[in-house]
Structures are given as C-alpha cells and as structure tokens.
>>> print(open('final-v3.cif').read())   # mmCIF, N, CA and C atoms
data_entry
loop_
_atom_site.label_atom_id
_atom_site.label_comp_id
_atom_site.auth_asym_id
_atom_site.auth_seq_id
_atom_site.Cartn_x
_atom_site.Cartn_y
_atom_site.Cartn_z
N MET A 13 -2.02 -84.59 167.65
CA MET A 13 -0.90 -83.68 167.65
C MET A 13 -1.21 -82.51 168.59
N LYS A 14 -0.27 -82.17 169.42
CA LYS A 14 -0.43 -81.07 170.36
C LYS A 14 -0.32 -79.74 169.63
N LYS A 15 -1.21 -78.81 169.99
CA LYS A 15 -1.23 -77.49 169.35
C LYS A 15 -0.03 -76.67 169.82
N ASP A 16 0.57 -75.93 168.88
CA ASP A 16 1.68 -75.03 169.18
C ASP A 16 1.19 -73.98 170.17
N VAL A 17 1.91 -73.78 171.27
CA VAL A 17 1.48 -72.82 172.29
C VAL A 17 1.31 -71.41 171.72
N ASN A 18 2.05 -71.08 170.67
CA ASN A 18 1.93 -69.76 170.05
C ASN A 18 0.63 -69.60 169.26
N GLN A 19 -0.09 -70.70 169.08
CA GLN A 19 -1.34 -70.66 168.33
C GLN A 19 -2.58 -70.72 169.23
N LEU A 20 -2.38 -70.76 170.55
CA LEU A 20 -3.51 -70.84 171.46
C LEU A 20 -4.29 -69.53 171.48
N THR A 21 -5.61 -69.64 171.51
CA THR A 21 -6.46 -68.46 171.61
C THR A 21 -6.67 -68.11 173.08
N PHE A 22 -7.21 -66.92 173.33
CA PHE A 22 -7.56 -66.55 174.71
C PHE A 22 -8.53 -67.58 175.29
N GLU A 23 -9.48 -68.03 174.49
CA GLU A 23 -10.47 -68.99 174.98
C GLU A 23 -9.79 -70.30 175.38
N GLU A 24 -8.81 -70.74 174.61
CA GLU A 24 -8.10 -71.97 174.95
C GLU A 24 -7.26 -71.78 176.21
N LEU A 25 -6.63 -70.63 176.34
CA LEU A 25 -5.87 -70.34 177.56
C LEU A 25 -6.79 -70.26 178.77
N LYS A 26 -7.95 -69.63 178.61
CA LYS A 26 -8.92 -69.55 179.70
C LYS A 26 -9.35 -70.95 180.13
N ALA A 27 -9.58 -71.83 179.17
CA ALA A 27 -9.97 -73.21 179.48
C ALA A 27 -8.85 -73.95 180.21
N LEU A 28 -7.62 -73.76 179.76
CA LEU A 28 -6.46 -74.38 180.40
C LEU A 28 -6.34 -73.93 181.86
N ILE A 29 -6.50 -72.64 182.08
CA ILE A 29 -6.43 -72.08 183.44
C ILE A 29 -7.58 -72.59 184.29
N GLN A 30 -8.80 -72.62 183.70
CA GLN A 30 -9.96 -73.10 184.45
C GLN A 30 -9.78 -74.55 184.86
N GLN A 31 -9.22 -75.36 183.98
CA GLN A 31 -8.98 -76.77 184.31
C GLN A 31 -8.00 -76.89 185.47
N PHE A 32 -6.95 -76.09 185.46
CA PHE A 32 -5.97 -76.08 186.54
C PHE A 32 -6.66 -75.75 187.87
N ILE A 33 -7.52 -74.74 187.85
CA ILE A 33 -8.25 -74.32 189.05
C ILE A 33 -9.22 -75.43 189.50
N ASP A 34 -9.96 -75.97 188.55
CA ASP A 34 -10.93 -77.04 188.86
C ASP A 34 -10.25 -78.27 189.45
N ASP A 35 -9.10 -78.63 188.90
CA ASP A 35 -8.37 -79.81 189.38
C ASP A 35 -7.96 -79.67 190.84
N ARG A 36 -7.86 -78.45 191.32
CA ARG A 36 -7.41 -78.20 192.70
C ARG A 36 -8.53 -77.73 193.62
N ASP A 37 -9.75 -77.66 193.09
CA ASP A 37 -10.91 -77.17 193.85
C ASP A 37 -10.67 -75.78 194.42
N TRP A 38 -10.12 -74.90 193.60
CA TRP A 38 -9.82 -73.54 194.04
C TRP A 38 -10.90 -72.53 193.66
N GLN A 39 -12.03 -73.01 193.08
CA GLN A 39 -13.06 -72.09 192.61
C GLN A 39 -13.52 -71.12 193.69
N LYS A 40 -13.62 -71.62 194.92
CA LYS A 40 -14.13 -70.77 196.01
C LYS A 40 -13.21 -69.58 196.29
N TYR A 41 -11.96 -69.68 195.90
CA TYR A 41 -11.01 -68.59 196.12
C TYR A 41 -10.95 -67.64 194.93
N HIS A 42 -11.44 -68.10 193.80
CA HIS A 42 -11.34 -67.33 192.56
C HIS A 42 -12.62 -66.55 192.33
N ASN A 43 -12.76 -65.47 193.07
CA ASN A 43 -13.89 -64.56 192.93
C ASN A 43 -13.34 -63.21 192.47
N PRO A 44 -14.21 -62.33 191.97
CA PRO A 44 -13.71 -61.05 191.44
C PRO A 44 -12.85 -60.26 192.43
N LYS A 45 -13.23 -60.23 193.69
CA LYS A 45 -12.44 -59.48 194.68
C LYS A 45 -11.03 -60.05 194.79
N ASN A 46 -10.93 -61.34 195.04
CA ASN A 46 -9.61 -61.97 195.21
C ASN A 46 -8.77 -61.90 193.94
N LEU A 47 -9.40 -62.11 192.80
CA LEU A 47 -8.65 -62.09 191.55
C LEU A 47 -8.14 -60.69 191.23
N SER A 48 -8.97 -59.67 191.47
CA SER A 48 -8.50 -58.30 191.20
C SER A 48 -7.34 -57.94 192.13
N MET A 49 -7.43 -58.38 193.36
CA MET A 49 -6.32 -58.13 194.29
C MET A 49 -5.07 -58.88 193.85
N SER A 50 -5.23 -60.09 193.37
CA SER A 50 -4.08 -60.88 192.92
C SER A 50 -3.41 -60.24 191.71
N ILE A 51 -4.21 -59.66 190.82
CA ILE A 51 -3.64 -58.96 189.66
C ILE A 51 -2.76 -57.81 190.15
N SER A 52 -3.26 -57.07 191.11
CA SER A 52 -2.50 -55.94 191.65
C SER A 52 -1.22 -56.40 192.35
N ILE A 53 -1.33 -57.46 193.12
CA ILE A 53 -0.16 -57.99 193.85
C ILE A 53 0.91 -58.45 192.87
N GLU A 54 0.50 -59.20 191.85
CA GLU A 54 1.46 -59.69 190.87
C GLU A 54 2.06 -58.53 190.07
N SER A 55 1.25 -57.51 189.79
CA SER A 55 1.77 -56.32 189.09
C SER A 55 2.84 -55.63 189.93
N ALA A 56 2.61 -55.56 191.23
CA ALA A 56 3.60 -54.96 192.12
C ALA A 56 4.88 -55.78 192.13
N GLU A 57 4.75 -57.11 192.07
CA GLU A 57 5.94 -57.96 192.02
C GLU A 57 6.73 -57.72 190.73
N LEU A 58 6.03 -57.47 189.63
CA LEU A 58 6.71 -57.13 188.38
C LEU A 58 7.41 -55.78 188.50
N MET A 59 6.73 -54.81 189.06
CA MET A 59 7.34 -53.49 189.23
C MET A 59 8.57 -53.55 190.12
N GLU A 60 8.55 -54.41 191.11
CA GLU A 60 9.68 -54.53 192.03
C GLU A 60 10.97 -54.91 191.30
N ILE A 61 10.85 -55.71 190.26
CA ILE A 61 12.03 -56.11 189.49
C ILE A 61 12.72 -54.88 188.89
N PHE A 62 11.92 -53.90 188.47
CA PHE A 62 12.44 -52.72 187.78
C PHE A 62 12.71 -51.54 188.71
N GLN A 63 12.29 -51.68 189.96
CA GLN A 63 12.43 -50.57 190.90
C GLN A 63 13.90 -50.15 191.00
N TRP A 64 14.12 -48.87 190.96
CA TRP A 64 15.42 -48.23 191.14
C TRP A 64 16.34 -48.36 189.93
N LEU A 65 15.90 -49.02 188.87
CA LEU A 65 16.75 -49.13 187.68
C LEU A 65 16.54 -47.91 186.78
N THR A 66 17.58 -47.58 186.03
CA THR A 66 17.43 -46.55 185.01
C THR A 66 16.67 -47.18 183.84
N ILE A 67 16.26 -46.35 182.91
CA ILE A 67 15.56 -46.88 181.73
C ILE A 67 16.47 -47.84 180.98
N ASP A 68 17.73 -47.47 180.79
CA ASP A 68 18.67 -48.34 180.07
C ASP A 68 18.88 -49.66 180.81
N GLU A 69 19.01 -49.59 182.13
CA GLU A 69 19.18 -50.82 182.92
C GLU A 69 17.94 -51.70 182.82
N SER A 70 16.77 -51.08 182.80
CA SER A 70 15.55 -51.88 182.71
C SER A 70 15.45 -52.58 181.36
N ILE A 71 15.85 -51.91 180.30
CA ILE A 71 15.85 -52.51 178.97
C ILE A 71 16.86 -53.65 178.90
N ALA A 72 18.01 -53.47 179.54
CA ALA A 72 19.09 -54.47 179.51
C ALA A 72 18.71 -55.77 180.23
N LEU A 73 17.67 -55.74 181.04
CA LEU A 73 17.28 -56.97 181.76
C LEU A 73 16.90 -58.10 180.81
N LYS A 74 16.53 -57.77 179.59
CA LYS A 74 16.19 -58.83 178.63
C LYS A 74 17.41 -59.70 178.32
N ASP A 75 18.61 -59.19 178.59
CA ASP A 75 19.83 -59.96 178.35
C ASP A 75 20.32 -60.70 179.59
N ASN A 76 19.63 -60.55 180.69
CA ASN A 76 19.98 -61.25 181.93
C ASN A 76 19.01 -62.42 182.07
N ARG A 77 19.51 -63.62 181.81
CA ARG A 77 18.64 -64.80 181.74
C ARG A 77 17.78 -64.98 182.99
N ALA A 78 18.35 -64.88 184.16
CA ALA A 78 17.60 -65.10 185.40
C ALA A 78 16.55 -64.01 185.61
N LYS A 79 16.93 -62.76 185.42
CA LYS A 79 15.98 -61.65 185.59
C LYS A 79 14.87 -61.72 184.54
N PHE A 80 15.26 -62.05 183.31
CA PHE A 80 14.27 -62.14 182.24
C PHE A 80 13.25 -63.25 182.53
N GLU A 81 13.73 -64.36 183.04
CA GLU A 81 12.82 -65.47 183.41
C GLU A 81 11.86 -65.02 184.51
N HIS A 82 12.38 -64.28 185.48
CA HIS A 82 11.54 -63.76 186.56
C HIS A 82 10.48 -62.81 186.00
N ILE A 83 10.87 -61.95 185.07
CA ILE A 83 9.92 -61.03 184.43
C ILE A 83 8.82 -61.82 183.73
N LYS A 84 9.21 -62.83 182.95
CA LYS A 84 8.23 -63.65 182.24
C LYS A 84 7.25 -64.31 183.20
N GLU A 85 7.75 -64.81 184.32
CA GLU A 85 6.89 -65.47 185.29
C GLU A 85 5.89 -64.50 185.90
N GLU A 86 6.34 -63.30 186.22
CA GLU A 86 5.42 -62.31 186.81
C GLU A 86 4.37 -61.88 185.80
N ILE A 87 4.77 -61.69 184.54
CA ILE A 87 3.80 -61.34 183.50
C ILE A 87 2.80 -62.48 183.33
N ALA A 88 3.29 -63.71 183.33
CA ALA A 88 2.38 -64.85 183.21
C ALA A 88 1.40 -64.89 184.37
N ASP A 89 1.87 -64.64 185.59
CA ASP A 89 0.97 -64.61 186.75
C ASP A 89 -0.13 -63.57 186.56
N ILE A 90 0.25 -62.38 186.09
CA ILE A 90 -0.72 -61.31 185.87
C ILE A 90 -1.77 -61.74 184.85
N VAL A 91 -1.32 -62.28 183.74
CA VAL A 91 -2.24 -62.67 182.67
C VAL A 91 -3.12 -63.83 183.12
N ILE A 92 -2.56 -64.78 183.85
CA ILE A 92 -3.36 -65.90 184.36
C ILE A 92 -4.49 -65.39 185.24
N TYR A 93 -4.18 -64.47 186.15
CA TYR A 93 -5.23 -63.92 187.00
C TYR A 93 -6.23 -63.10 186.19
N CYS A 94 -5.77 -62.37 185.18
CA CYS A 94 -6.69 -61.63 184.32
C CYS A 94 -7.64 -62.58 183.58
N LEU A 95 -7.09 -63.64 183.04
CA LEU A 95 -7.93 -64.60 182.33
C LEU A 95 -8.87 -65.33 183.29
N SER A 96 -8.42 -65.58 184.49
CA SER A 96 -9.31 -66.18 185.50
C SER A 96 -10.46 -65.25 185.82
N LEU A 97 -10.17 -63.95 185.93
CA LEU A 97 -11.22 -62.98 186.19
C LEU A 97 -12.20 -62.92 185.01
N CYS A 98 -11.68 -63.02 183.80
CA CYS A 98 -12.56 -63.10 182.62
C CYS A 98 -13.46 -64.33 182.71
N ASN A 99 -12.93 -65.45 183.15
CA ASN A 99 -13.74 -66.66 183.32
C ASN A 99 -14.86 -66.42 184.32
N VAL A 100 -14.51 -65.87 185.47
CA VAL A 100 -15.48 -65.67 186.55
C VAL A 100 -16.58 -64.69 186.14
N LEU A 101 -16.20 -63.64 185.40
CA LEU A 101 -17.17 -62.60 185.04
C LEU A 101 -17.74 -62.79 183.63
N ASP A 102 -17.39 -63.88 182.97
CA ASP A 102 -17.88 -64.17 181.61
C ASP A 102 -17.53 -63.04 180.64
N ILE A 103 -16.29 -62.62 180.65
CA ILE A 103 -15.83 -61.56 179.74
C ILE A 103 -15.17 -62.18 178.53
N ASP A 104 -15.62 -61.78 177.36
CA ASP A 104 -14.97 -62.17 176.11
C ASP A 104 -13.81 -61.21 175.91
N LEU A 105 -12.60 -61.66 176.20
CA LEU A 105 -11.44 -60.78 176.18
C LEU A 105 -11.15 -60.24 174.79
N ASN A 106 -11.31 -61.05 173.76
CA ASN A 106 -11.09 -60.56 172.40
C ASN A 106 -12.00 -59.36 172.13
N GLN A 107 -13.28 -59.50 172.45
CA GLN A 107 -14.24 -58.44 172.23
C GLN A 107 -13.91 -57.21 173.09
N ALA A 108 -13.56 -57.43 174.34
CA ALA A 108 -13.23 -56.33 175.25
C ALA A 108 -12.03 -55.54 174.73
N ILE A 109 -11.02 -56.22 174.23
CA ILE A 109 -9.82 -55.55 173.71
C ILE A 109 -10.16 -54.73 172.46
N VAL A 110 -10.90 -55.33 171.54
CA VAL A 110 -11.27 -54.61 170.31
C VAL A 110 -12.10 -53.38 170.65
N GLU A 111 -13.06 -53.53 171.55
CA GLU A 111 -13.89 -52.39 171.96
C GLU A 111 -13.05 -51.29 172.62
N LYS A 112 -12.09 -51.68 173.45
CA LYS A 112 -11.25 -50.69 174.13
C LYS A 112 -10.32 -49.98 173.16
N ILE A 113 -9.77 -50.70 172.20
CA ILE A 113 -8.92 -50.07 171.18
C ILE A 113 -9.73 -49.06 170.37
N GLU A 114 -10.96 -49.43 170.01
CA GLU A 114 -11.82 -48.49 169.27
C GLU A 114 -12.11 -47.25 170.10
N LYS A 115 -12.39 -47.44 171.38
CA LYS A 115 -12.64 -46.31 172.28
C LYS A 115 -11.39 -45.42 172.37
N ASN A 116 -10.22 -46.05 172.49
CA ASN A 116 -8.96 -45.30 172.56
C ASN A 116 -8.67 -44.56 171.26
N ARG A 117 -9.04 -45.16 170.11
CA ARG A 117 -8.84 -44.47 168.82
C ARG A 117 -9.62 -43.16 168.79
N SER A 118 -10.82 -43.19 169.32
CA SER A 118 -11.65 -41.98 169.37
C SER A 118 -11.09 -40.98 170.37
N LYS A 119 -10.65 -41.48 171.50
CA LYS A 119 -10.15 -40.62 172.57
C LYS A 119 -8.79 -40.01 172.22
N TYR A 120 -7.96 -40.77 171.52
CA TYR A 120 -6.60 -40.33 171.18
C TYR A 120 -6.37 -40.40 169.67
N PRO A 121 -6.97 -39.50 168.90
CA PRO A 121 -6.82 -39.56 167.45
C PRO A 121 -5.35 -39.35 167.04
N THR A 122 -4.95 -40.08 166.04
CA THR A 122 -3.57 -40.02 165.54
C THR A 122 -3.17 -38.60 165.19
N SER A 123 -4.09 -37.86 164.57
CA SER A 123 -3.78 -36.49 164.13
C SER A 123 -3.37 -35.59 165.29
N LYS A 124 -3.88 -35.87 166.47
CA LYS A 124 -3.57 -35.03 167.62
C LYS A 124 -2.44 -35.60 168.49
N TYR A 125 -2.32 -36.93 168.54
CA TYR A 125 -1.41 -37.55 169.51
C TYR A 125 -0.17 -38.21 168.91
N LYS A 126 -0.06 -38.34 167.61
CA LYS A 126 1.11 -39.01 167.04
C LYS A 126 2.38 -38.25 167.41
N GLY A 127 3.28 -38.93 168.09
CA GLY A 127 4.53 -38.33 168.51
C GLY A 127 4.44 -37.53 169.79
N ASN A 128 3.25 -37.44 170.37
CA ASN A 128 3.03 -36.70 171.61
C ASN A 128 2.46 -37.62 172.67
N PHE A 129 2.86 -37.40 173.87
CA PHE A 129 2.16 -38.10 174.95
C PHE A 129 1.76 -37.05 175.96
N GLU A 130 0.47 -36.89 176.12
CA GLU A 130 -0.07 -35.87 177.02
C GLU A 130 -1.01 -36.52 178.00
#
>>> encode(input="final-v3.cif", output="structure tokens")
Amino acid sequence: MKKDVNQLTFEELKALIQQFIDDRDWQKYHNPKNLSMSISIESAELMEIFQWLTIDESIALKDNRAKFEHIKEEIADIVIYCLSLCNVLDIDLNQAIVEKIEKNRSKYPTSKYKGNFE
C-alpha cells in the first residue's frame, strides 16, 4: 500500500528527491553553492507572483486556481532545493528546526513580543 503523501517525513521526502536526482545523474550540479542560489532564485519567482499586489489581493490569490497552483509549484521548488541542500550537507532538518525554534524562543520571549513585532 502506498503511503499517504501527508504522512511523509522529511527523511522520506529527502530520499524521494535524492532518487530523482540520482536517476538523472544530476549530483554534480547539486552542490551547496548551486543549491543555495537555486533557493534564492525560486524564492524570487515566488515573490514575483505577489509583486505589486495589495495585502488583500495577495490573500485573495488562494481563490484563483491558476495563481494558487503557481504559488504551490514555487513553494515546492523552494522546499525541494532546501531538502536537496540538506542531503548534500547531511543536515537533519527536524533537528535543525527544533533547535532554531528553541533559539527563537529565547531570543523572542512571549512576555516581551506577544502582539508586537519589532
């Protein structure tokens, strides 16, 4: 039985992405420099969708099927490159996220920042 895509772990997604890369012999292109640049490029493509829109217009894009699909694709591209970079650098993304959230909790305590953005 095929696993529900909503139940995939980061490690399973990383393996899926690595298999895709391996099947095409793209390893030589997937180095930290190229992957970090690709993350930035794909992020810019996501920003371009929202460029010049008001906040309300940007929120309303979720109701525009074509635009929403484009947004999902750009986000997927960003995450794919991020997970590829994790593969190349041997980063445990679950651990990195938990560590960063803990660091942010210390840096931005609720008592000082709740309801404020500074």
>>> residues_around(input="final-v3.cif", residues="Glu60 (chain A)", least_positions_apart="4", cutoff="12 Å", atoms="only C-alpha atoms", output="JSON, numbers by chain")
{"A": [53, 54, 55, 56, 64, 65, 70, 79, 82, 83, 86]}
>>> select_by_dssp(input="final-v3.cif", residues="chain A", states="alpha helix (DSSP H)", output="JSON, numbers by chain")
{"A": [22, 23, 24, 25, 26, 27, 28, 29, 30, 31, 32, 33, 34, 35, 44, 45, 46, 47, 48, 49, 50, 51, 52, 53, 54, 55, 56, 57, 58, 59, 60, 61, 62, 67, 68, 69, 70, 71, 72, 77, 78, 79, 80, 81, 82, 83, 84, 85, 86, 87, 88, 89, 90, 91, 92, 93, 94, 95, 96, 97, 98, 99, 100, 101, 105, 106, 107, 108, 109, 110, 111, 112, 113, 114, 115, 116, 117, 118, 119, 122, 123, 124, 125]}
>>> atom_distance(input="final-v3.cif", atom1="CA of Asn116 (chain A)", atom2="CA of Asn128 (chain A)")
14.8 Å
>>> resolve_selection(input="final-v3.cif", expression="the PyMOL selection byres ((chain A and resi 28-43) around 8)", output="ChimeraX atom specification")
/A:22-27,44-49,92,95-97,99-101
>>> write_last_selection(input="final-v3.cif", atoms="N, CA and C atoms", output="CSV table (one decimal), in the coordinates of the input")
chain,number,residue,atom,x,y,z
A,22,PHE,N,-7.2,-66.9,173.3
A,22,PHE,CA,-7.6,-66.6,174.7
A,22,PHE,C,-8.5,-67.6,175.3
A,23,GLU,N,-9.5,-68.0,174.5
A,23,GLU,CA,-10.5,-69.0,175.0
A,23,GLU,C,-9.8,-70.3,175.4
A,24,GLU,N,-8.8,-70.7,174.6
A,24,GLU,CA,-8.1,-72.0,175.0
A,24,GLU,C,-7.3,-71.8,176.2
A,25,LEU,N,-6.6,-70.6,176.3
A,25,LEU,CA,-5.9,-70.3,177.6
A,25,LEU,C,-6.8,-70.3,178.8
A,26,LYS,N,-8.0,-69.6,178.6
A,26,LYS,CA,-8.9,-69.6,179.7
A,26,LYS,C,-9.4,-71.0,180.1
A,27,ALA,N,-9.6,-71.8,179.2
A,27,ALA,CA,-10.0,-73.2,179.5
A,27,ALA,C,-8.8,-74.0,180.2
A,44,PRO,N,-14.2,-62.3,192.0
A,44,PRO,CA,-13.7,-61.0,191.4
A,44,PRO,C,-12.8,-60.3,192.4
A,45,LYS,N,-13.2,-60.2,193.7
A,45,LYS,CA,-12.4,-59.5,194.7
A,45,LYS,C,-11.0,-60.0,194.8
A,46,ASN,N,-10.9,-61.3,195.0
A,46,ASN,CA,-9.6,-62.0,195.2
A,46,ASN,C,-8.8,-61.9,193.9
A,47,LEU,N,-9.4,-62.1,192.8
A,47,LEU,CA,-8.6,-62.1,191.6
A,47,LEU,C,-8.1,-60.7,191.2
A,48,SER,N,-9.0,-59.7,191.5
A,48,SER,CA,-8.5,-58.3,191.2
A,48,SER,C,-7.3,-57.9,192.1
A,49,MET,N,-7.4,-58.4,193.4
A,49,MET,CA,-6.3,-58.1,194.3
A,49,MET,C,-5.1,-58.9,193.8
A,92,ILE,N,-2.6,-64.8,183.8
A,92,ILE,CA,-3.4,-65.9,184.4
A,92,ILE,C,-4.5,-65.4,185.2
A,95,LEU,N,-7.1,-63.6,183.0
A,95,LEU,CA,-7.9,-64.6,182.3
A,95,LEU,C,-8.9,-65.3,183.3
A,96,SER,N,-8.4,-65.6,184.5
A,96,SER,CA,-9.3,-66.2,185.5
A,96,SER,C,-10.5,-65.2,185.8
A,97,LEU,N,-10.2,-64.0,185.9
A,97,LEU,CA,-11.2,-63.0,186.2
A,97,LEU,C,-12.2,-62.9,185.0
A,99,ASN,N,-12.9,-65.4,183.2
A,99,ASN,CA,-13.7,-66.7,183.3
A,99,ASN,C,-14.9,-66.4,184.3
A,100,VAL,N,-14.5,-65.9,185.5
A,100,VAL,CA,-15.5,-65.7,186.6
A,100,VAL,C,-16.6,-64.7,186.1
A,101,LEU,N,-16.2,-63.6,185.4
A,101,LEU,CA,-17.2,-62.6,185.0
A,101,LEU,C,-17.7,-62.8,183.6
>>> atom_distance(input="final-v3.cif", atom1="atom N of Tyr93 (chain A)", atom2="atom C of Val17 (chain A)")
16.9 Å
>>> atom_distance(input="final-v3.cif", atom1="CA of Ser52 (chain A)", atom2="CA of Ile87 (chain A)")
11.6 Å
